[in-house]
There are 2 protein chains.
Amino acid sequence: VQKSTKSIPFYLALVHYPVVNRNGAVIASAITNLDLHDLARLACTYRIPQCFIVTPLKDQQVLAARLIAHWCEGAGRESHPDRWQALQHLRIVPEVGVAKREIQAVQGRDPEVWATSAGAGRAVLTHRAARRQLEASRALLAGPKLMLLGTAWGLAPGLIEAADQVLEAIQPDSLYNHLSVRCAAAILVDRLLGPERLG
Amino acid sequence: VQKSTKSIPFYLALVHYPVVNRNGAVIASAITNLDLHDLARLACTYRIPQCFIVTPLKDQQVLAARLIAHWCEGAGRESHPDRWQALQHLRIVPEVGVAKREIQAVQGRDPEVWATSAGAGRAVLTHRAARRQLEASRALLAGPKLMLLGTAWGLAPGLIEAADQVLEAIQPDSLYNHLSVRCAAAILVDRLLGPERLG
């Protein structure tokens, strides 16, 4: 786990298990190549120290590791330094608990876990309140945070229930609510860490 | 071109030509499957009437049309209605000029073209100012807008120079400036059409 004095103690986890499929069954989803690149670039742009790629499947861990190694070693690293710079923000872990322990080891405190969901659920942490909490974390007045992003049809209910907070949905009033996890991650990160809006 | 009374006269164009490669040479980039899904879902979520997929290459037009047809007809449409609902927001055109003419035909006025770029360039339209202009467009006090998004390493200089305005970069002060076009599109659309932020 990397720690930079310039970065904020705010971490992402792209969760491939446990997530739900479109029938609501709990599944392990497959790694998507572009997810890894997009999340790595997002973390790098917004100075997020680490994005955990969560999958318990050994073959998927090997696949992700191979992809990262391709761009972070040898000819790939030399020919595309911007990819290496981004992909070093990724870390493959078998479960969310391991990500929490790694953050604890670096930051000295357990992270507060924030679940995300496109649906309306239990009482939510508004983006405005989340920004304030991250400012407190940045000033070391509060502990680190870990935001969980679900692939497939989203985080499994058990993971949402186990989280410390559930973030407000991006467009709670929209009739259509199926952003890709890549776009949802980008919007949430920008709302929480980007410039103040913009009246 | 679709027109909905609920939507805002704001259009997207995902440009595959003319764009630049990492050496700055003008090229035509290949269609990326996930770009089409992500942009379609983004347009659908934010009630953007249409996202134009711009490519002059016939085989790429056929590829994109086949992908859209797969989800918008027959079994694909029935099994994944959320994909059909989103993908119908896409329209394949050979060049930006055709997109402009189609918008003019529906809206009765030529669109103002907004270029996007990750770099610092000529005098920029801030996101705050762009929000105000879109509010004027929504109230029909101003004409429609067309925002151009570049694939590969971004829009070709000629396309940027020919645009009416150039939008402010997403993170002009970041040391790392390589968001994917999917994530950049999501952040820009949310900044321009999403809720007011969030002090």
# chains A, B, ... in the order shown; residues from 1 in each chain; ligands from 1
$ closest_atom_pairs --of "chain A" --to "chain B" --cutoff "8 Å" --atoms "only C-alpha atoms" --output "JSON lines"
{"residue": "A:Asp38", "atom": "CA", "partner": "B:Ser180", "partner_atom": "CA", "distance": 5.9}
{"residue": "A:Arg41", "atom": "CA", "partner": "B:Leu179", "partner_atom": "CA", "distance": 5.5}
{"residue": "A:Leu42", "atom": "CA", "partner": "B:Leu179", "partner_atom": "CA", "distance": 6.1}
{"residue": "A:Cys44", "atom": "CA", "partner": "B:Tyr176", "partner_atom": "CA", "distance": 6.5}
{"residue": "A:Thr45", "atom": "CA", "partner": "B:Tyr176", "partner_atom": "CA", "distance": 5.2}
{"residue": "A:Tyr46", "atom": "CA", "partner": "B:Ser174", "partner_atom": "CA", "distance": 7.6}
{"residue": "A:Asp82", "atom": "CA", "partner": "B:His178", "partner_atom": "CA", "distance": 7.5}
{"residue": "A:His127", "atom": "CA", "partner": "B:Leu198", "partner_atom": "CA", "distance": 7.4}
{"residue": "A:Arg128", "atom": "CA", "partner": "B:Leu198", "partner_atom": "CA", "distance": 5.1}
{"residue": "A:Arg131", "atom": "CA", "partner": "B:Gly199", "partner_atom": "CA", "distance": 7.9}
{"residue": "A:Gln171", "atom": "CA", "partner": "B:Thr45", "partner_atom": "CA", "distance": 7.6}
{"residue": "A:Ser174", "atom": "CA", "partner": "B:Thr45", "partner_atom": "CA", "distance": 6.3}
{"residue": "A:Leu175", "atom": "CA", "partner": "B:Thr45", "partner_atom": "CA", "distance": 7.4}
{"residue": "A:Tyr176", "atom": "CA", "partner": "B:Thr45", "partner_atom": "CA", "distance": 5.2}
{"residue": "A:Asn177", "atom": "CA", "partner": "B:Thr45", "partner_atom": "CA", "distance": 6.1}
{"residue": "A:His178", "atom": "CA", "partner": "B:Arg41", "partner_atom": "CA", "distance": 6.4}
{"residue": "A:Leu179", "atom": "CA", "partner": "B:Arg41", "partner_atom": "CA", "distance": 5.5}
{"residue": "A:Ser180", "atom": "CA", "partner": "B:Asp38", "partner_atom": "CA", "distance": 5.9}
{"residue": "A:Arg182", "atom": "CA", "partner": "B:Cys183", "partner_atom": "CA", "distance": 6.5}
{"residue": "A:Cys183", "atom": "CA", "partner": "B:Cys183", "partner_atom": "CA", "distance": 5.2}
{"residue": "A:Ala184", "atom": "CA", "partner": "B:Ala186", "partner_atom": "CA", "distance": 7.7}
{"residue": "A:Ala186", "atom": "CA", "partner": "B:Cys183", "partner_atom": "CA", "distance": 5.4}
{"residue": "A:Ile187", "atom": "CA", "partner": "B:Ile187", "partner_atom": "CA", "distance": 5.2}
{"residue": "A:Asp190", "atom": "CA", "partner": "B:Ile187", "partner_atom": "CA", "distance": 6.7}
{"residue": "A:Arg191", "atom": "CA", "partner": "B:Arg197", "partner_atom": "CA", "distance": 7.5}
{"residue": "A:Glu196", "atom": "CA", "partner": "B:Arg197", "partner_atom": "CA", "distance": 5.5}
{"residue": "A:Arg197", "atom": "CA", "partner": "B:Arg197", "partner_atom": "CA", "distance": 3.7}
{"residue": "A:Leu198", "atom": "CA", "partner": "B:Arg128", "partner_atom": "CA", "distance": 4.9}
{"residue": "A:Gly199", "atom": "CA", "partner": "B:Glu196", "partner_atom": "CA", "distance": 5.5}
$ residues_around --residues "Val93 in chain B" --least-positions-apart "4" --cutoff "9 Å" --atoms "only C-alpha atoms" --output "PyMOL selection string"
chain B and resi 52-56+61+97-99
$ atom_distance --atom1 "CA of Pro9 in chain A" --atom2 "CA of Ala30 in chain A"
28.0 Å
$ atom_distance --atom1 "CA of Gln165 in chain A" --atom2 "CA of Ala139 in chain A"
20.4 Å
$ select_by_dssp --residues "range 58-101 of chain A" --states "strand (DSSP E or B)" --output "ChimeraX atom specification"
/A:90-93
$ write_last_selection --atoms "C-alpha atoms" --output "compact mmCIF listing (two decimals), in the first residue's frame"
# COMPACT_ATOMS: atom_id res chain seq x y z
CA LEU A 90 -3.73 -0.82 -8.25
CA ARG A 91 -3.41 -3.61 -5.72
CA ILE A 92 -5.02 -7.04 -6.07
CA VAL A 93 -6.58 -8.47 -2.89
$ closest_residue --among "A:Lys58, A:Leu148, A:Ala142, A:Pro18" --to "Gly108 in chain A" --atoms "only C-alpha atoms"
A:Ala142
$ closest_residue --among "B:Thr151, B:Asn23, B:Ser137, B:Thr116" --to "Glu168 in chain B" --atoms "only C-alpha atoms"
B:Thr116
$ select_by_dssp --residues "range 34-104 of chain A" --states "alpha helix (DSSP H)" --output "VMD selection string"
chain A and resid 34 to 45 58 to 72 74 to 79 81 to 87 96 to 104
$ closest_residue --among "A:Pro81, A:Pro49, A:Gly150, A:Pro172" --to "Trp114 in chain A" --atoms "only C-alpha atoms"
A:Gly150
